[in-house]
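As stored in target-v5.csv (CSV, C-alpha atoms):
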```
chain,number,residue,atom,x,y,z
A,20,MET,CA,28.7,-1.1,-94.2
A,21,PRO,CA,31.9,-2.5,-95.7
A,22,ALA,CA,34.6,-3.6,-93.3
A,23,THR,CA,37.9,-3.8,-95.0
A,24,GLU,CA,41.0,-3.9,-92.9
A,25,ILE,CA,43.4,-1.0,-93.2
A,26,GLU,CA,47.1,-1.9,-93.1
A,27,PRO,CA,49.6,0.3,-91.4
A,28,GLN,CA,51.6,2.2,-94.0
A,29,ASP,CA,54.4,4.6,-94.1
A,30,GLN,CA,55.7,6.8,-96.9
A,31,PRO,CA,58.4,4.7,-98.6
A,32,SER,CA,61.8,6.3,-98.7
A,33,ALA,CA,62.8,6.6,-102.4
A,34,SER,CA,66.3,7.7,-101.3
A,35,ASP,CA,66.9,4.7,-99.0
A,36,PRO,CA,64.8,1.6,-99.7
A,37,LEU,CA,67.1,-0.5,-97.4
A,38,ARG,CA,65.8,1.6,-94.5
A,39,ASP,CA,62.3,0.6,-95.3
A,40,THR,CA,63.3,-3.0,-95.6
A,41,LEU,CA,64.9,-2.9,-92.2
A,42,LEU,CA,61.8,-1.3,-90.6
A,43,ASP,CA,59.5,-3.9,-92.2
A,44,ALA,CA,61.8,-6.7,-90.9
A,45,ALA,CA,62.1,-5.1,-87.5
A,46,ALA,CA,58.3,-4.9,-87.2
A,47,ARG,CA,57.8,-8.6,-88.2
A,48,VAL,CA,60.5,-9.8,-85.7
A,49,PHE,CA,59.2,-7.6,-82.9
A,50,ALA,CA,55.7,-8.8,-83.4
A,51,ARG,CA,56.8,-12.5,-83.5
A,52,GLN,CA,59.5,-12.5,-80.8
A,53,GLY,CA,58.6,-9.6,-78.5
A,54,TYR,CA,60.7,-6.6,-77.6
A,55,ASP,CA,63.2,-8.3,-75.3
A,56,GLY,CA,63.5,-11.3,-77.6
A,57,THR,CA,64.4,-9.2,-80.7
A,58,ARG,CA,68.1,-9.0,-81.6
A,59,ILE,CA,69.8,-7.0,-84.3
A,60,GLN,CA,71.0,-10.3,-85.9
A,61,ASP,CA,67.4,-11.5,-86.1
A,62,ILE,CA,66.3,-8.3,-87.9
A,63,VAL,CA,69.3,-8.5,-90.2
A,64,GLN,CA,68.5,-12.2,-91.1
A,65,GLU,CA,64.8,-11.3,-91.6
A,66,ALA,CA,65.8,-8.5,-94.0
A,67,GLY,CA,68.4,-10.4,-95.8
A,68,LEU,CA,70.9,-7.6,-95.2
A,69,SER,CA,74.2,-7.1,-93.3
A,70,THR,CA,74.6,-5.7,-89.8
A,71,GLY,CA,76.3,-2.7,-91.3
A,72,ALA,CA,73.1,-1.8,-93.0
A,73,VAL,CA,71.5,-1.4,-89.6
A,74,TYR,CA,74.2,0.7,-87.9
A,75,GLY,CA,74.6,2.8,-91.0
A,76,ARG,CA,71.0,4.0,-90.4
A,77,PHE,CA,70.1,3.5,-86.8
A,78,ARG,CA,72.3,4.0,-83.7
A,79,SER,CA,70.9,1.0,-81.8
A,80,LYS,CA,68.3,-1.7,-81.8
A,81,ASN,CA,66.1,0.4,-79.6
A,82,GLU,CA,66.1,3.3,-82.1
A,83,LEU,CA,65.3,0.9,-85.0
A,84,LEU,CA,62.4,-0.7,-83.0
A,85,ARG,CA,61.1,2.7,-82.0
A,86,GLU,CA,61.0,3.8,-85.6
A,87,ALA,CA,59.3,0.5,-86.6
A,88,VAL,CA,56.6,1.0,-83.9
A,89,ILE,CA,56.0,4.6,-85.0
A,90,THR,CA,55.7,3.9,-88.7
A,91,ARG,CA,54.5,0.3,-88.9
A,92,SER,CA,52.1,-0.3,-86.0
A,93,VAL,CA,49.4,2.3,-86.6
A,94,PRO,CA,47.8,3.4,-90.0
A,95,GLN,CA,49.1,6.9,-90.8
A,96,MET,CA,48.1,7.5,-94.4
A,97,ARG,CA,45.5,10.2,-95.2
A,98,PHE,CA,42.4,8.0,-95.1
A,99,SER,CA,40.6,9.9,-97.8
A,100,ALA,CA,43.1,8.3,-100.2
A,101,THR,CA,41.7,4.8,-99.3
A,102,GLY,CA,38.0,5.6,-99.7
A,103,VAL,CA,37.5,6.4,-96.1
A,104,THR,CA,35.7,9.8,-96.0
A,105,LYS,CA,33.7,9.7,-92.8
A,106,VAL,CA,34.1,8.8,-89.2
A,107,ALA,CA,31.6,6.0,-89.9
A,108,ASP,CA,33.9,4.6,-92.5
A,109,LEU,CA,36.8,4.7,-90.1
A,110,ILE,CA,34.9,2.8,-87.4
A,111,ALA,CA,33.7,0.2,-89.9
A,112,ARG,CA,37.2,-0.5,-91.2
A,113,MET,CA,39.0,-0.5,-87.9
A,114,ALA,CA,36.4,-2.7,-86.3
A,115,ALA,CA,36.6,-5.5,-88.9
A,116,ILE,CA,36.3,-9.0,-87.6
A,117,HIS,CA,36.1,-10.9,-90.9
A,118,ARG,CA,39.8,-11.9,-91.0
A,119,PRO,CA,40.8,-14.1,-88.1
A,120,GLU,CA,44.6,-14.0,-88.6
A,121,LEU,CA,46.4,-10.9,-87.4
A,122,SER,CA,48.5,-9.0,-90.0
A,123,ASP,CA,52.2,-8.2,-89.2
A,124,GLY,CA,51.1,-4.6,-88.4
A,125,GLU,CA,48.3,-5.7,-86.1
A,126,ALA,CA,50.6,-8.2,-84.3
A,127,LEU,CA,53.1,-5.4,-83.9
A,128,LEU,CA,50.5,-3.1,-82.4
A,129,LEU,CA,49.3,-5.7,-80.0
A,130,GLU,CA,52.9,-6.5,-78.9
A,131,THR,CA,53.6,-2.8,-78.6
A,132,TYR,CA,50.7,-2.2,-76.2
A,133,VAL,CA,51.8,-5.1,-74.0
A,134,THR,CA,55.5,-4.0,-74.0
A,135,SER,CA,54.5,-0.4,-73.1
A,136,ARG,CA,53.7,-1.5,-69.6
A,137,ARG,CA,57.4,-2.1,-68.8
A,138,GLU,CA,59.4,-0.2,-71.5
A,139,PRO,CA,59.1,3.6,-71.4
A,140,GLU,CA,60.8,4.0,-74.8
A,141,VAL,CA,58.1,1.7,-76.4
A,142,ALA,CA,55.4,3.6,-74.6
A,143,ALA,CA,56.8,6.9,-76.0
A,144,ALA,CA,56.9,5.4,-79.5
A,145,LEU,CA,53.3,4.2,-79.2
A,146,ALA,CA,52.2,7.7,-78.1
A,147,GLU,CA,54.0,9.2,-81.2
A,148,ALA,CA,52.3,6.7,-83.5
A,149,GLU,CA,48.9,7.5,-82.0
A,150,SER,CA,49.6,11.2,-82.4
A,151,ARG,CA,50.3,10.7,-86.1
A,152,TRP,CA,47.2,8.6,-86.5
A,153,ARG,CA,45.2,11.5,-84.9
A,154,ASP,CA,46.7,13.9,-87.4
A,155,ALA,CA,45.8,11.5,-90.3
A,156,VAL,CA,42.1,11.4,-89.3
A,157,GLN,CA,41.9,15.2,-88.8
A,158,GLY,CA,40.0,15.6,-92.1
A,159,LEU,CA,37.4,13.0,-91.0
A,160,VAL,CA,36.9,14.9,-87.8
A,161,GLU,CA,36.4,18.2,-89.6
A,162,ALA,CA,33.9,16.5,-92.0
A,163,ALA,CA,32.0,15.0,-89.1
A,164,GLN,CA,31.7,18.5,-87.5
A,165,ALA,CA,30.4,20.0,-90.8
A,166,ASP,CA,27.9,17.4,-91.9
A,167,GLY,CA,26.3,16.4,-88.6
A,168,THR,CA,27.6,12.8,-88.6
A,169,VAL,CA,28.8,13.7,-85.1
A,170,ALA,CA,26.5,15.9,-83.1
A,171,GLU,CA,27.8,19.1,-81.5
A,172,ASP,CA,27.3,17.8,-78.0
A,173,VAL,CA,29.4,14.6,-78.7
A,174,ASP,CA,33.1,14.9,-77.9
A,175,LEU,CA,35.1,14.1,-81.0
A,176,ASP,CA,38.2,13.0,-79.0
A,177,ALA,CA,35.9,10.6,-77.1
A,178,VAL,CA,34.7,9.1,-80.4
A,179,LEU,CA,38.2,8.6,-81.6
A,180,PHE,CA,39.2,7.1,-78.3
A,181,LEU,CA,36.3,4.6,-78.7
A,182,VAL,CA,37.7,3.7,-82.1
A,183,ARG,CA,41.1,3.0,-80.7
A,184,VAL,CA,39.8,1.0,-77.8
A,185,MET,CA,37.5,-1.0,-80.0
A,186,ARG,CA,40.4,-1.8,-82.3
A,187,LEU,CA,42.7,-2.9,-79.5
A,188,GLY,CA,39.9,-5.1,-78.0
A,189,LEU,CA,39.3,-6.7,-81.4
A,190,LEU,CA,43.0,-7.4,-81.8
A,191,LEU,CA,43.1,-9.2,-78.5
A,192,HIS,CA,40.0,-11.1,-79.3
A,193,ARG,CA,41.1,-12.1,-82.8
A,194,GLY,CA,44.5,-13.1,-81.6
A,195,SER,CA,42.9,-15.4,-79.0
A,196,GLY,CA,41.0,-17.4,-81.6
A,197,LEU,CA,37.8,-17.2,-79.6
A,198,ALA,CA,34.4,-17.3,-81.2
A,199,ARG,CA,33.0,-14.1,-82.7
A,200,PRO,CA,29.5,-13.0,-83.9
A,201,GLU,CA,28.4,-13.2,-87.5
A,202,GLN,CA,29.9,-10.4,-89.6
A,203,ALA,CA,26.4,-9.1,-90.7
A,204,ALA,CA,25.2,-9.0,-87.1
A,205,TRP,CA,28.4,-7.1,-86.0
A,206,GLU,CA,28.1,-4.6,-88.8
A,207,SER,CA,24.5,-4.0,-88.0
A,208,LEU,CA,25.4,-3.2,-84.4
A,209,LEU,CA,28.2,-0.9,-85.5
A,210,GLU,CA,25.7,1.0,-87.8
A,211,ARG,CA,23.5,1.6,-84.7
A,212,VAL,CA,26.5,2.8,-82.7
A,213,VAL,CA,27.6,5.2,-85.4
A,214,HIS,CA,24.1,6.5,-85.9
A,215,SER,CA,23.9,7.4,-82.2
A,216,PHE,CA,26.8,9.9,-82.7
A,217,GLY,CA,24.7,12.0,-85.1
A,218,ALA,CA,22.5,15.0,-84.4
A,219,PRO,CA,18.9,14.0,-83.6
A,220,PRO,CA,16.4,14.8,-86.4
A,221,GLU,CA,14.6,18.1,-86.0
A,222,SER,CA,11.0,17.7,-84.8
```

Translate the structure of the given file into structure tokens.
Amino acid sequence: MPATEIEPQDQPSASDPLRDTLLDAAARVFARQGYDGTRIQDIVQEAGLSTGAVYGRFRSKNELLREAVITRSVPQMRFSATGVTKVADLIARMAAIHRPELSDGEALLLETYVTSRREPEVAAALAEAESRWRDAVQGLVEAAQADGTVAEDVDLDAVLFLVRVMRLGLLLHRGSGLARPEQAAWESLLERVVHSFGAPPES
């Protein structure tokens, strides 16, 4: 059961590459310094651009950070393009523990969850990002319904909720640096969990 990390991705803007540069920089600074500690000047310096590049594309720091959260914190590509074709594949990849260091996107997601407790705008951005993620995995959901990977009496939204909660818990754990089980043992357990979603064999 391979467990390769999926990086958050957004469709690059061919017409405005500087916008993508700013969003990437904002995501890194937000993840490193937190929402309240992020200033426009920090983002500009990280991006190697001018302040005018920001205000020519975003009305405020909050708008820039909101867009960074939506497009950089949660994977939004069509997973079939990355070799993920089943719900089981999705769980395996998003539950990876083999890499101890958090990527920029993972650190951003973790910071976003924490900040959402006190910043309604960040909470709204996170909800939008999760909604786009749900749209991105729609094909996997439909495939699971068709091939019996998920039984008819198992709620698919509950399965996807489990995936998100597992991912968040793993981000917290990996970020803490605490000990983790052996990769093979973890993957074996995941296989059992995924198998339990399926329809029981006919007697």

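Residue nearest Ala155 of chain A, chosen from A:Val93, A:Leu189, A:Ala114, A:Val133 and counting all atoms listed in the file: A:Val93.
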
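With all atoms listed in the file taken into account, the protein and nucleic acid residues at most 10 Å from Asp176 of chain A (excluding it and anything under 6 positions from it in its own chain) are Arg153, Val160 and Val182 of chain A.
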
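Shortest separation to Ser150 of chain A among A:Thr70, A:Thr57, A:Gln52, A:Thr90 occurs at residue A:Thr90, atoms counted being all atoms listed in the file.
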
Item to check | Shell around Val212 of chain A at 12 Å using only C-alpha atoms, local window under 3 positions removed, as a PyMOL selection string | outcome: chain A and resi 106-107+110-111+114+168-169+178+181-182+185+205-209+215-217

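Neighbouring residues of Ala72 of chain A at 12 Å or closer, counting all atoms listed in the file and skipping chain neighbours under 4 positions away, are Asp35, Pro36, Leu37, Arg38, Asp39, Thr40, Leu41, Leu42, Ile59, Gln60, Ile62, Val63, Gln64, Ala66, Gly67, Leu68, Arg76, Phe77, Arg78, Ser79 and Leu83 of chain A.
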
Store the residues of this selection in a file with C-alpha atoms, as a JSON list (two decimals), in the frame of the given file.
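Contents of out_21.json, freshly written:
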```
[["chain", "number", "residue", "atom", "x", "y", "z"],
["A", 35, "ASP", "CA", 66.90, 4.70, -99.00],
["A", 36, "PRO", "CA", 64.80, 1.60, -99.70],
["A", 37, "LEU", "CA", 67.10, -0.50, -97.40],
["A", 38, "ARG", "CA", 65.80, 1.60, -94.50],
["A", 39, "ASP", "CA", 62.30, 0.60, -95.30],
["A", 40, "THR", "CA", 63.30, -3.00, -95.60],
["A", 41, "LEU", "CA", 64.90, -2.90, -92.20],
["A", 42, "LEU", "CA", 61.80, -1.30, -90.60],
["A", 59, "ILE", "CA", 69.80, -7.00, -84.30],
["A", 60, "GLN", "CA", 71.00, -10.30, -85.90],
["A", 62, "ILE", "CA", 66.30, -8.30, -87.90],
["A", 63, "VAL", "CA", 69.30, -8.50, -90.20],
["A", 64, "GLN", "CA", 68.50, -12.20, -91.10],
["A", 66, "ALA", "CA", 65.80, -8.50, -94.00],
["A", 67, "GLY", "CA", 68.40, -10.40, -95.80],
["A", 68, "LEU", "CA", 70.90, -7.60, -95.20],
["A", 76, "ARG", "CA", 71.00, 4.00, -90.40],
["A", 77, "PHE", "CA", 70.10, 3.50, -86.80],
["A", 78, "ARG", "CA", 72.30, 4.00, -83.70],
["A", 79, "SER", "CA", 70.90, 1.00, -81.80],
["A", 83, "LEU", "CA", 65.30, 0.90, -85.00]]
```

Item to check | Within 9 Å of Tyr54 of chain A using only C-alpha atoms, minus same-chain residues under 4 positions, as a ChimeraX atom specification | outcome: /A:48-50,58,84,130-131,134,138,141

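Of the residues listed (A:Ala45, A:Glu125, A:Asp55, A:Asp108), A:Glu125 shows the shortest atom-to-atom separation from Gly194 of chain A; distances use only C-alpha atoms.
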
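In this model, the gap between atom CA of Gly75 of chain A and atom CA of Ala144 of chain A comes to 21.3 Å.
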
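Closest approach to Ala142 of chain A among A:Ile89, A:Leu191, A:Val184, A:Val213 is made by A:Ile89 (distances from only C-alpha atoms).
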
Next on the checklist: Using only C-alpha atoms, which protein or nucleic acid residues come within 8 Å of Arg47 of chain A? Drop anything in the same chain fewer than 3 positions from it, and give the result as a ChimeraX atom specification.
Outcome noted: /A:43-44,50-51,123-124,127
